[in-house]
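Chemist: File model03.pdb follows (PDB, C-alpha atoms, pLDDT in the B column):
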ATOM      1  CA  GLU C   1     -27.537 -14.712 -98.548  1.00 97.00           C
ATOM      2  CA  ILE C   2     -30.575 -16.775 -97.558  1.00 98.00           C
ATOM      3  CA  ASP C   3     -32.847 -18.532-100.039  1.00 98.00           C
ATOM      4  CA  ASN C   4     -36.044 -20.139 -98.760  1.00 98.00           C
ATOM      5  CA  THR C   5     -36.979 -22.528-101.544  1.00 98.00           C
ATOM      6  CA  LEU C   6     -39.872 -24.503-100.057  1.00 98.00           C
ATOM      7  CA  PHE C   7     -42.668 -23.710 -97.596  1.00 98.00           C
ATOM      8  CA  ASP C   8     -45.434 -25.790 -96.075  1.00 98.00           C
ATOM      9  CA  THR C   9     -49.110 -24.836 -96.321  1.00 97.00           C
ATOM     10  CA  ARG C  10     -48.844 -22.676 -93.176  1.00 97.00           C
ATOM     11  CA  GLY C  11     -45.872 -20.706 -94.490  1.00 97.00           C
ATOM     12  CA  ASN C  12     -43.199 -22.423 -92.433  1.00 98.00           C
ATOM     13  CA  ILE C  13     -39.813 -22.846 -94.108  1.00 98.00           C
ATOM     14  CA  VAL C  14     -39.135 -26.411 -95.219  1.00 98.00           C
ATOM     15  CA  ASP C  15     -35.995 -25.965 -97.326  1.00 98.00           C
ATOM     16  CA  GLN C  16     -33.434 -23.214 -96.852  1.00 98.00           C
ATOM     17  CA  THR C  17     -30.022 -22.440 -98.338  1.00 98.00           C
ATOM     18  CA  ILE C  18     -27.621 -20.097 -96.533  1.00 98.00           C
ATOM     19  CA  GLU C  19     -24.534 -18.791 -98.338  1.00 98.00           C
ATOM     20  CA  LEU C  20     -21.840 -17.026 -96.318  1.00 98.00           C
ATOM     21  CA  TYR C  21     -19.601 -14.604 -98.172  1.00 97.00           C
ATOM     22  CA  VAL C  22     -16.426 -13.101 -96.686  1.00 97.00           C
ATOM     23  CA  GLY C  23     -14.915 -10.173 -98.551  1.00 94.00           C
ATOM     24  CA  GLY C  24     -17.126 -10.983-101.521  1.00 96.00           C
ATOM     25  CA  ILE C  25     -15.888 -14.600-101.697  1.00 97.00           C
ATOM     26  CA  LEU C  26     -18.190 -17.536-101.002  1.00 98.00           C
ATOM     27  CA  SER C  27     -16.925 -19.288 -97.862  1.00 98.00           C
ATOM     28  CA  ARG C  28     -19.526 -21.863 -96.957  1.00 98.00           C
ATOM     29  CA  VAL C  29     -22.992 -23.116 -97.788  1.00 98.00           C
ATOM     30  CA  THR C  30     -25.535 -24.532 -95.336  1.00 98.00           C
ATOM     31  CA  LEU C  31     -28.516 -26.577 -96.530  1.00 98.00           C
ATOM     32  CA  ILE C  32     -31.373 -26.990 -94.042  1.00 98.00           C
ATOM     33  CA  HIS C  33     -34.409 -29.242 -94.406  1.00 98.00           C
ATOM     34  CA  ASN C  34     -37.128 -28.932 -91.747  1.00 98.00           C
ATOM     35  CA  SER C  35     -39.843 -31.525 -91.201  1.00 98.00           C
ATOM     36  CA  ASN C  36     -42.415 -32.552 -88.622  1.00 98.00           C
ATOM     37  CA  ILE C  37     -43.237 -28.874 -88.121  1.00 98.00           C
ATOM     38  CA  SER C  38     -45.762 -28.162 -85.358  1.00 98.00           C
ATOM     39  CA  ASN C  39     -48.669 -25.742 -85.453  1.00 95.00           C
ATOM     40  CA  ARG C  40     -46.419 -23.255 -83.621  1.00 96.00           C
ATOM     41  CA  GLY C  41     -43.800 -23.472 -86.367  1.00 97.00           C
ATOM     42  CA  ASP C  42     -41.296 -25.561 -84.409  1.00 98.00           C
ATOM     43  CA  ALA C  43     -39.408 -28.111 -86.521  1.00 98.00           C
ATOM     44  CA  GLY C  44     -39.324 -31.487 -84.836  1.00 98.00           C
ATOM     45  CA  ASN C  45     -36.718 -32.774 -87.270  1.00 98.00           C
ATOM     46  CA  GLN C  46     -33.932 -31.074 -89.165  1.00 98.00           C
ATOM     47  CA  GLU C  47     -31.295 -32.173 -91.646  1.00 98.00           C
ATOM     48  CA  ILE C  48     -28.331 -29.807 -91.932  1.00 98.00           C
ATOM     49  CA  THR C  49     -25.654 -30.212 -94.591  1.00 98.00           C
ATOM     50  CA  SER C  50     -22.560 -28.005 -94.359  1.00 98.00           C
ATOM     51  CA  LEU C  51     -20.251 -27.345 -97.296  1.00 98.00           C
ATOM     52  CA  ILE C  52     -17.084 -25.285 -97.687  1.00 98.00           C
ATOM     53  CA  THR C  53     -15.560 -23.904-100.838  1.00 98.00           C
ATOM     54  CA  ASP C  54     -12.043 -24.224-102.230  1.00 98.00           C
ATOM     55  CA  GLU C  55      -9.428 -21.458-102.035  1.00 96.00           C
ATOM     56  CA  SER C  56     -11.098 -19.595-104.923  1.00 97.00           C
ATOM     57  CA  GLY C  57     -14.527 -19.632-103.274  1.00 97.00           C
ATOM     58  CA  SER C  58     -15.853 -22.255-105.705  1.00 98.00           C
ATOM     59  CA  ASN C  59     -16.721 -25.958-105.802  1.00 98.00           C
ATOM     60  CA  PRO C  60     -18.380 -26.418-102.371  1.00 97.00           C
ATOM     61  CA  ILE C  61     -17.804 -29.849-100.841  1.00 98.00           C
ATOM     62  CA  GLU C  62     -19.603 -31.475 -97.936  1.00 98.00           C
ATOM     63  CA  VAL C  63     -17.806 -31.378 -94.598  1.00 97.00           C
ATOM     64  CA  SER C  64     -20.587 -32.397 -92.212  1.00 98.00           C
ATOM     65  CA  TYR C  65     -24.153 -33.651 -92.057  1.00 98.00           C
ATOM     66  CA  GLN C  66     -26.456 -33.581 -89.038  1.00 98.00           C
ATOM     67  CA  LEU C  67     -29.726 -35.328 -88.298  1.00 98.00           C
ATOM     68  CA  ILE C  68     -31.445 -33.422 -85.505  1.00 98.00           C
ATOM     69  CA  THR C  69     -34.479 -34.401 -83.457  1.00 98.00           C
ATOM     70  CA  ASN C  70     -35.933 -31.508 -81.479  1.00 98.00           C
ATOM     71  CA  ARG C  71     -38.123 -33.145 -78.850  1.00 98.00           C
ATOM     72  CA  VAL C  72     -39.118 -30.296 -76.549  1.00 98.00           C
ATOM     73  CA  PHE C  73     -39.459 -26.518 -77.020  1.00 98.00           C
ATOM     74  CA  ASP C  74     -40.242 -23.759 -74.557  1.00 98.00           C
ATOM     75  CA  SER C  75     -42.868 -21.059 -75.119  1.00 97.00           C
ATOM     76  CA  ASP C  76     -40.320 -18.946 -77.037  1.00 97.00           C
ATOM     77  CA  SER C  77     -39.536 -21.825 -79.428  1.00 97.00           C
ATOM     78  CA  ASN C  78     -36.122 -22.431 -77.857  1.00 98.00           C
ATOM     79  CA  VAL C  79     -35.087 -26.103 -78.032  1.00 98.00           C
ATOM     80  CA  LEU C  80     -34.839 -27.720 -74.600  1.00 98.00           C
ATOM     81  CA  ASN C  81     -34.302 -31.381 -75.468  1.00 98.00           C
ATOM     82  CA  GLN C  82     -32.417 -32.422 -78.580  1.00 98.00           C
ATOM     83  CA  LEU C  83     -30.766 -35.433 -80.212  1.00 98.00           C
ATOM     84  CA  VAL C  84     -28.044 -34.802 -82.807  1.00 98.00           C
ATOM     85  CA  LEU C  85     -26.470 -37.438 -85.043  1.00 98.00           C
ATOM     86  CA  ASN C  86     -23.243 -36.146 -86.603  1.00 98.00           C
ATOM     87  CA  TYR C  87     -22.118 -37.749 -89.854  1.00 98.00           C
ATOM     88  CA  LEU C  88     -19.152 -37.126 -92.122  1.00 97.00           C
ATOM     89  CA  ASP C  89     -21.499 -36.362 -95.025  1.00 97.00           C
ATOM     90  CA  SER C  90     -25.040 -36.878 -96.295  1.00 98.00           C
ATOM     91  CA  THR C  91     -24.383 -40.461 -97.378  1.00 97.00           C
ATOM     92  CA  ARG C  92     -24.640 -41.341 -93.649  1.00 97.00           C
ATOM     93  CA  THR C  93     -22.023 -44.044 -94.079  1.00 97.00           C
ATOM     94  CA  LEU C  94     -19.756 -42.761 -91.293  1.00 98.00           C
ATOM     95  CA  LEU C  95     -21.322 -41.772 -87.973  1.00 98.00           C
ATOM     96  CA  LEU C  96     -18.954 -39.488 -86.065  1.00 98.00           C
ATOM     97  CA  ASP C  97     -20.855 -39.248 -82.796  1.00 98.00           C
ATOM     98  CA  VAL C  98     -24.273 -38.860 -81.205  1.00 98.00           C
ATOM     99  CA  GLN C  99     -25.156 -36.026 -78.841  1.00 98.00           C
ATOM    100  CA  GLU C 100     -27.969 -35.766 -76.337  1.00 98.00           C
ATOM    101  CA  ILE C 101     -28.352 -32.054 -75.590  1.00 98.00           C
ATOM    102  CA  ARG C 102     -30.339 -30.330 -72.848  1.00 98.00           C
ATOM    103  CA  ASN C 103     -30.547 -26.540 -72.953  1.00 98.00           C
ATOM    104  CA  GLU C 104     -31.623 -25.516 -69.465  1.00 98.00           C
ATOM    105  CA  SER C 105     -31.761 -21.720 -69.624  1.00 98.00           C
ATOM    106  CA  PHE C 106     -31.611 -18.889 -72.151  1.00 98.00           C
ATOM    107  CA  ASP C 107     -31.206 -15.136 -72.153  1.00 98.00           C
ATOM    108  CA  THR C 108     -33.864 -12.828 -73.606  1.00 96.00           C
ATOM    109  CA  ARG C 109     -32.324 -13.114 -77.093  1.00 97.00           C
ATOM    110  CA  GLY C 110     -32.449 -16.914 -77.095  1.00 97.00           C
ATOM    111  CA  ASN C 111     -28.753 -17.526 -76.424  1.00 98.00           C
ATOM    112  CA  VAL C 112     -28.117 -20.669 -74.358  1.00 98.00           C
ATOM    113  CA  LEU C 113     -26.834 -19.938 -70.853  1.00 98.00           C
ATOM    114  CA  VAL C 114     -26.712 -23.428 -69.331  1.00 98.00           C
ATOM    115  CA  GLN C 115     -26.308 -26.558 -71.425  1.00 98.00           C
ATOM    116  CA  LYS C 116     -25.581 -30.243 -70.857  1.00 98.00           C
ATOM    117  CA  ILE C 117     -24.202 -32.419 -73.659  1.00 98.00           C
ATOM    118  CA  ALA C 118     -23.710 -36.182 -73.437  1.00 98.00           C
ATOM    119  CA  THR C 119     -21.672 -37.479 -76.372  1.00 98.00           C
ATOM    120  CA  PHE C 120     -21.815 -41.137 -77.438  1.00 98.00           C
ATOM    121  CA  THR C 121     -20.188 -43.138 -80.220  1.00 98.00           C
ATOM    122  CA  ASP C 122     -23.359 -44.974 -81.243  1.00 97.00           C
ATOM    123  CA  GLU C 123     -27.089 -44.448 -81.815  1.00 96.00           C
ATOM    124  CA  THR C 124     -28.004 -46.846 -79.013  1.00 96.00           C
ATOM    125  CA  LEU C 125     -26.204 -44.543 -76.555  1.00 97.00           C
ATOM    126  CA  THR C 126     -24.135 -47.453 -75.284  1.00 96.00           C
ATOM    127  CA  THR C 127     -20.607 -46.055 -75.367  1.00 98.00           C
ATOM    128  CA  LEU C 128     -20.184 -42.678 -73.700  1.00 98.00           C
ATOM    129  CA  LEU C 129     -17.348 -40.369 -74.697  1.00 98.00           C
ATOM    130  CA  ASP C 130     -18.037 -37.683 -72.102  1.00 98.00           C
ATOM    131  CA  VAL C 131     -20.599 -35.354 -70.574  1.00 98.00           C
ATOM    132  CA  LYS C 132     -20.102 -31.599 -70.645  1.00 98.00           C
ATOM    133  CA  LEU C 133     -21.824 -29.040 -68.449  1.00 98.00           C
ATOM    134  CA  ILE C 134     -21.479 -25.621 -70.098  1.00 98.00           C
ATOM    135  CA  HIS C 135     -22.171 -22.167 -68.673  1.00 98.00           C
ATOM    136  CA  ASN C 136     -22.125 -19.177 -71.051  1.00 98.00           C
ATOM    137  CA  GLU C 137     -21.778 -15.670 -69.611  1.00 98.00           C
ATOM    138  CA  ASP C 138     -21.123 -12.086 -70.723  1.00 98.00           C
ATOM    139  CA  ILE C 139     -22.877 -12.592 -74.043  1.00 98.00           C
ATOM    140  CA  ASP C 140     -22.664  -9.612 -76.383  1.00 97.00           C
ATOM    141  CA  SER C 141     -25.240  -8.356 -78.882  1.00 96.00           C
ATOM    142  CA  LEU C 142     -23.866 -10.692 -81.571  1.00 96.00           C
ATOM    143  CA  GLY C 143     -24.250 -13.786 -79.372  1.00 97.00           C
ATOM    144  CA  ASN C 144     -20.552 -14.153 -78.536  1.00 98.00           C
ATOM    145  CA  ALA C 145     -19.925 -15.430 -74.995  1.00 98.00           C
ATOM    146  CA  GLY C 146     -17.172 -13.522 -73.217  1.00 98.00           C
ATOM    147  CA  LYS C 147     -16.851 -16.268 -70.616  1.00 98.00           C
ATOM    148  CA  VAL C 148     -17.481 -19.984 -71.093  1.00 98.00           C
ATOM    149  CA  THR C 149     -17.025 -22.532 -68.315  1.00 99.00           C
ATOM    150  CA  ILE C 150     -16.965 -26.218 -69.249  1.00 99.00           C
ATOM    151  CA  TRP C 151     -16.991 -29.089 -66.758  1.00 99.00           C
ATOM    152  CA  LYS C 152     -16.173 -32.432 -68.429  1.00 98.00           C
ATOM    153  CA  TYR C 153     -17.177 -35.759 -66.864  1.00 99.00           C
ATOM    154  CA  ALA C 154     -16.131 -39.321 -67.690  1.00 98.00           C
ATOM    155  CA  GLU C 155     -19.335 -41.065 -66.649  1.00 98.00           C
ATOM    156  CA  GLY C 156     -22.972 -40.373 -67.354  1.00 98.00           C
ATOM    157  CA  TYR C 157     -26.256 -41.592 -68.749  1.00 97.00           C
ATOM    158  CA  ILE C 158     -29.753 -40.511 -69.742  1.00 97.00           C
ATOM    159  CA  ASP C 159     -32.213 -41.370 -66.977  1.00 97.00           C
ATOM    160  CA  ALA C 160     -35.811 -42.509 -67.386  1.00 96.00           C
ATOM    161  CA  SER C 161     -37.063 -38.909 -67.294  1.00 96.00           C
ATOM    162  CA  GLY C 162     -34.687 -37.832 -70.036  1.00 96.00           C
ATOM    163  CA  TYR C 163     -32.295 -35.935 -67.774  1.00 97.00           C
ATOM    164  CA  ILE C 164     -28.530 -36.184 -68.271  1.00 98.00           C
ATOM    165  CA  GLN C 165     -26.827 -37.574 -65.174  1.00 98.00           C
ATOM    166  CA  TYR C 166     -23.048 -37.317 -64.790  1.00 98.00           C
ATOM    167  CA  SER C 167     -20.139 -38.031 -62.417  1.00 98.00           C
ATOM    168  CA  ASN C 168     -16.346 -38.442 -62.220  1.00 98.00           C
ATOM    169  CA  LEU C 169     -14.968 -35.065 -63.261  1.00 98.00           C
ATOM    170  CA  ILE C 170     -12.179 -35.157 -65.852  1.00 98.00           C
ATOM    171  CA  ASP C 171     -11.349 -31.458 -65.812  1.00 98.00           C
ATOM    172  CA  ALA C 172     -12.860 -27.984 -65.928  1.00 98.00           C
ATOM    173  CA  THR C 173     -12.025 -25.225 -68.394  1.00 98.00           C
ATOM    174  CA  VAL C 174     -12.732 -21.504 -68.175  1.00 98.00           C
ATOM    175  CA  ILE C 175     -12.435 -19.636 -71.474  1.00 98.00           C
ATOM    176  CA  THR C 176     -12.411 -15.840 -71.306  1.00 98.00           C
ATOM    177  CA  THR C 177     -12.483 -13.962 -74.605  1.00 98.00           C
ATOM    178  CA  THR C 178     -12.019 -10.207 -74.562  1.00 98.00           C
ATOM    179  CA  SER C 179     -11.993  -9.577 -78.304  1.00 98.00           C
ATOM    180  CA  PHE C 180     -13.828 -11.095 -81.267  1.00 98.00           C
ATOM    181  CA  ASP C 181     -13.751 -10.321 -84.949  1.00 96.00           C
ATOM    182  CA  LEU C 182     -16.943  -9.463 -86.820  1.00 94.00           C
ATOM    183  CA  ARG C 183     -17.670 -13.152 -87.511  1.00 95.00           C
ATOM    184  CA  GLY C 184     -17.321 -14.211 -83.874  1.00 97.00           C
ATOM    185  CA  ASN C 185     -13.814 -15.637 -84.072  1.00 97.00           C
ATOM    186  CA  ALA C 186     -11.747 -15.162 -80.898  1.00 98.00           C
ATOM    187  CA  LEU C 187      -8.863 -12.686 -81.167  1.00 98.00           C
ATOM    188  CA  ILE C 188      -7.728 -12.388 -77.541  1.00 98.00           C
ATOM    189  CA  GLN C 189      -8.442 -15.298 -75.237  1.00 98.00           C
ATOM    190  CA  THR C 190      -7.362 -16.820 -71.929  1.00 98.00           C
ATOM    191  CA  ILE C 191      -7.937 -20.509 -71.172  1.00 98.00           C
ATOM    192  CA  ARG C 192      -7.581 -21.823 -67.627  1.00 98.00           C
ATOM    193  CA  LYS C 193      -7.669 -25.540 -66.771  1.00 98.00           C
ATOM    194  CA  TYR C 194      -8.716 -26.854 -63.355  1.00 98.00           C
ATOM    195  CA  THR C 195      -8.945 -30.291 -61.756  1.00 98.00           C
ATOM    196  CA  ASP C 196     -11.927 -29.602 -59.472  1.00 98.00           C
ATOM    197  CA  GLU C 197     -15.538 -28.543 -59.879  1.00 98.00           C
ATOM    198  CA  ALA C 198     -15.111 -25.494 -57.620  1.00 98.00           C
ATOM    199  CA  LEU C 199     -12.377 -24.134 -59.927  1.00 98.00           C
ATOM    200  CA  THR C 200      -9.868 -23.741 -57.106  1.00 98.00           C
ATOM    201  CA  THR C 201      -7.056 -26.064 -58.263  1.00 98.00           C
ATOM    202  CA  LEU C 202      -5.464 -24.493 -61.314  1.00 98.00           C
ATOM    203  CA  VAL C 203      -3.405 -26.693 -63.658  1.00 98.00           C
ATOM    204  CA  GLU C 204      -2.337 -24.316 -66.383  1.00 98.00           C
ATOM    205  CA  THR C 205      -3.171 -21.043 -68.111  1.00 98.00           C
ATOM    206  CA  GLN C 206      -2.872 -20.236 -71.794  1.00 98.00           C
ATOM    207  CA  ASN C 207      -3.006 -16.748 -73.269  1.00 98.00           C
ATOM    208  CA  ILE C 208      -3.887 -16.869 -76.951  1.00 98.00           C
ATOM    209  CA  THR C 209      -3.720 -13.989 -79.393  1.00 98.00           C
ATOM    210  CA  THR C 210      -4.853 -14.600 -82.956  1.00 98.00           C
ATOM    211  CA  SER C 211      -3.985 -11.912 -85.462  1.00 93.00           C
ATOM    212  CA  GLY C 212      -6.397 -12.911 -88.191  1.00 89.00           C
ATOM    213  CA  TYR C 213      -8.528 -15.496 -89.952  1.00 96.00           C
ATOM    214  CA  ASP C 214      -8.914 -16.378 -93.604  1.00 96.00           C
ATOM    215  CA  PHE C 215     -12.260 -16.410 -95.384  1.00 96.00           C
ATOM    216  CA  HIS C 216     -12.856 -19.976 -94.165  1.00 97.00           C
ATOM    217  CA  ASP C 217     -12.370 -18.747 -90.557  1.00 96.00           C
ATOM    218  CA  ARG C 218      -9.072 -20.595 -90.200  1.00 96.00           C
ATOM    219  CA  ALA C 219      -6.547 -18.850 -87.959  1.00 97.00           C
ATOM    220  CA  THR C 220      -3.683 -17.449 -90.034  1.00 96.00           C
ATOM    221  CA  HIS C 221      -1.414 -16.634 -87.088  1.00 97.00           C
ATOM    222  CA  SER C 222      -1.660 -17.294 -83.343  1.00 97.00           C
ATOM    223  CA  SER C 223       0.607 -16.778 -80.351  1.00 98.00           C
ATOM    224  CA  ILE C 224       0.047 -19.163 -77.420  1.00 98.00           C
ATOM    225  CA  THR C 225       1.786 -18.570 -74.102  1.00 98.00           C
ATOM    226  CA  THR C 226       1.453 -21.262 -71.444  1.00 98.00           C
ATOM    227  CA  TYR C 227       1.937 -20.873 -67.689  1.00 98.00           C
ATOM    228  CA  ASN C 228       1.873 -23.611 -65.032  1.00 98.00           C
ATOM    229  CA  SER C 229      -0.271 -23.798 -61.909  1.00 97.00           C
ATOM    230  CA  THR C 230       1.904 -21.278 -60.043  1.00 97.00           C
ATOM    231  CA  GLY C 231       1.954 -18.799 -62.898  1.00 97.00           C
ATOM    232  CA  GLU C 232       5.474 -19.611 -64.048  1.00 97.00           C
ATOM    233  CA  PHE C 233       6.221 -19.372 -67.761  1.00 97.00           C
ATOM    234  CA  VAL C 234       6.272 -22.748 -69.544  1.00 98.00           C
ATOM    235  CA  ASP C 235       6.552 -22.001 -73.259  1.00 98.00           C
ATOM    236  CA  ARG C 236       5.365 -19.877 -76.155  1.00 97.00           C
ATOM    237  CA  GLN C 237       4.266 -21.196 -79.521  1.00 97.00           C
TER     238      GLN C 237
END
Translate this file's structure into structure tokens.

Modeler:
Amino acid sequence: EIDNTLFDTRGNIVDQTIELYVGGILSRVTLIHNSNISNRGDAGNQEITSLITDESGSNPIEVSYQLITNRVFDSDSNVLNQLVLNYLDSTRTLLLDVQEIRNESFDTRGNVLVQKIATFTDETLTTLLDVKLIHNEDIDSLGNAGKVTIWKYAEGYIDASGYIQYSNLIDATVITTTSFDLRGNALIQTIRKYTDEALTTLVETQNITTSGYDFHDRATHSSITTYNSTGEFVDRQ
């Protein structure tokens, strides 16, 4: 259910509450506050508070809070350049990390195809955690990506033009998902790890089958089979 509780003078949504129900039970609540809204209806700033309920679907508690600065949009109102501050909750007392995000291409439905994310520990962007280059492919009508490739780098920075520069590959991961549930949770998935950008040196492969999720989208049962670089069985969990 979506409740739009406040609009600006041009009819743009300022405050919005989204309640997600699973099997008739309230699972989570998302509170969104939009500000600095342009004449085209693009929100330059957003505050997003996420809450989850208890096992009875009651008493929502905060689990995350984001301060988002949307700097640049394309002609379809897709965000190209974004800064996200992730906090534990809306008190803003504990900063978890800071992400500089560049969305470089989209499909016709607005799903991100190519994305770069530089994650830092601080607002001054001094201490880098990593840089990820992400390619999303085989996206279905619900926005689920059947194939996701992630290159992770140890070094990087934001240059004077605002571009994310990166180097020193840590690893590369290819995630192929052949089955999703109705809420986009992966049911059948293969994860392959590589040590090179060209994805030629395989480290390990994991086949993951998840039989179900609870109303908070937590996996209730999974089977994970791991193989080494030559395809030999390692273990099953």

Chemist: Translate the PyMOL selection byres ((chain C and resi 128) around 9) into a concrete residue list for this structure, as a ChimeraX atom specification.

Modeler: /C:118-122,125-127,129-131,154-157

Chemist: Quick one, how far is atom CA of Thr124 of chain C from atom CA of Ser161 of chain C?

Modeler: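 Calculated distance between atom CA of Thr124 of chain C and atom CA of Ser161 of chain C is 16.8 Å.
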
Chemist: What do you get, as a PyMOL selection string, if you spell out every residue that the PyMOL selection byres ((chain C and resi 174-187) around 7) selects here?

Modeler: chain C and resi 144+146-150+172-173+188-193+209-211

Chemist: Carefully work through the PyMOL selection byres ((chain C and resi 235) around 7) for this structure and note down the residues it includes, as number ranges by chain.

Modeler: C: 225-226, 233-234, 236-237

Chemist: Given the selection you just returned, output its residues as a file containing C-alpha atoms, formatted as a compact mmCIF listing (two decimals), in the frame of the given file.

Modeler:
# COMPACT_ATOMS: atom_id res chain seq x y z
CA THR C 225 1.79 -18.57 -74.10
CA THR C 226 1.45 -21.26 -71.44
CA PHE C 233 6.22 -19.37 -67.76
CA VAL C 234 6.27 -22.75 -69.54
CA ARG C 236 5.36 -19.88 -76.16
CA GLN C 237 4.27 -21.20 -79.52

Chemist: Pick from C:Ser90, C:Ser56, C:Asn36, C:Ser75: nearest to Asn12 of chain C, with all atoms listed in the file counted?

Modeler: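 Of all the options, C:Asn36 lies closest to Asn12 of chain C.
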
Chemist: For a quick check of your reading of the model, name the residues lying within 8 Å of the coordinate (1.4, -28.8, -64.9), counting only C-alpha atoms, and write them as a list in words.

Modeler: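 Those residues lying close to the given coordinates are Val203, Glu204, Asn228 and Ser229 of chain C.
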
Chemist: Just checking: using only C-alpha atoms, which residue out of C:Thr220, C:Asp8, C:Glu100, C:Asp3 ends up closest to Asp159 of chain C?

Modeler: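 Among the listed residues, the smallest separation from Asp159 of chain C belongs to C:Glu100.
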
Chemist: Quick check, in Å to one decimal: how far apart do atom CA of Asn103 of chain C and atom CA of Val79 of chain C lie?

Modeler: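 So the two atoms, atom CA of Asn103 of chain C and atom CA of Val79 of chain C, lie 6.8 Å apart.
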
Chemist: What are the centre and edge lengths in Å, to one decimal, of the axis-aligned box around all listed atoms of segment 144-158 of chain C with 8 Å added on each side, as JSON?

Modeler:
{"center_x": -22.9, "center_y": -27.6, "center_z": -72.6, "size_x": 29.6, "size_y": 44.1, "size_z": 27.9}

Chemist: Could you tell me how far atom CA of Lys116 of chain C lies from atom CA of Gly162 of chain C, in Å and to one decimal?

Modeler: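 That distance, rounded to one decimal, is 11.9 Å.
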
Chemist: Pick from C:Thr108, C:Thr9, C:Asn59, C:Asn70: nearest to Leu85 of chain C, with all atoms listed in the file counted?

Modeler: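 Distance minimum relative to Leu85 of chain C lands on C:Asn70.
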
Chemist: Please provide the set of residues having any atom within 7 Å of segment 24-34 of chain C, restricted to only C-alpha atoms, with same-chain residues fewer than 5 positions apart removed, written as a compact mmCIF listing (two decimals) with C-alpha atoms, in the frame of the given file.

Modeler:
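Contents of out_34.txt, as written:
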# COMPACT_ATOMS: atom_id res chain seq x y z
CA VAL C 14 -39.14 -26.41 -95.22
CA ASP C 15 -35.99 -25.96 -97.33
CA GLN C 16 -33.43 -23.21 -96.85
CA THR C 17 -30.02 -22.44 -98.34
CA ILE C 18 -27.62 -20.10 -96.53
CA GLU C 19 -24.53 -18.79 -98.34
CA ALA C 43 -39.41 -28.11 -86.52
CA ASN C 45 -36.72 -32.77 -87.27
CA GLN C 46 -33.93 -31.07 -89.16
CA GLU C 47 -31.30 -32.17 -91.65
CA ILE C 48 -28.33 -29.81 -91.93
CA THR C 49 -25.65 -30.21 -94.59
CA SER C 50 -22.56 -28.00 -94.36
CA LEU C 51 -20.25 -27.34 -97.30
CA ILE C 52 -17.08 -25.28 -97.69
CA THR C 53 -15.56 -23.90 -100.84
CA GLY C 57 -14.53 -19.63 -103.27
CA PHE C 215 -12.26 -16.41 -95.38
CA HIS C 216 -12.86 -19.98 -94.16

Chemist: Looking at C:Glu55, C:Asp97, C:Asp74, C:Asp42, which one is nearest to Arg218 of chain C, with distances taken over only C-alpha atoms?

Modeler: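 Closest candidate: C:Glu55.
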
Chemist: List the neighbours of Arg92 of chain C out to 9 Å using all atoms listed in the file; skip same-chain residues closer than 5 positions along the sequence, and give me the result as JSON, numbers by chain.

Modeler: {"C": [65, 86, 87]}

Chemist: Give me the residues near Leu133 of chain C as a VMD selection string, where near means some atom within 8 Å (using all atoms listed in the file) and where sequence neighbours in that chain fewer than 3 positions away do not count.

Modeler: chain C and resid 114 to 117 150 to 152

Chemist: Point out the residue among C:Gln206, C:Leu142, C:Phe73, C:Val22 with the least atom-to-atom distance to Ser223 of chain C, counting only C-alpha atoms.

Modeler: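 Among the listed residues, the smallest separation from Ser223 of chain C belongs to C:Gln206.
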
Chemist: Give the answer as one residue: which of C:Arg102, C:Gly212, C:Leu113, C:Asn4 has the shortest atom-to-atom distance to Asp138 of chain C, using all atoms listed in the file?

Modeler: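 Nearest to Asp138 of chain C: C:Leu113.
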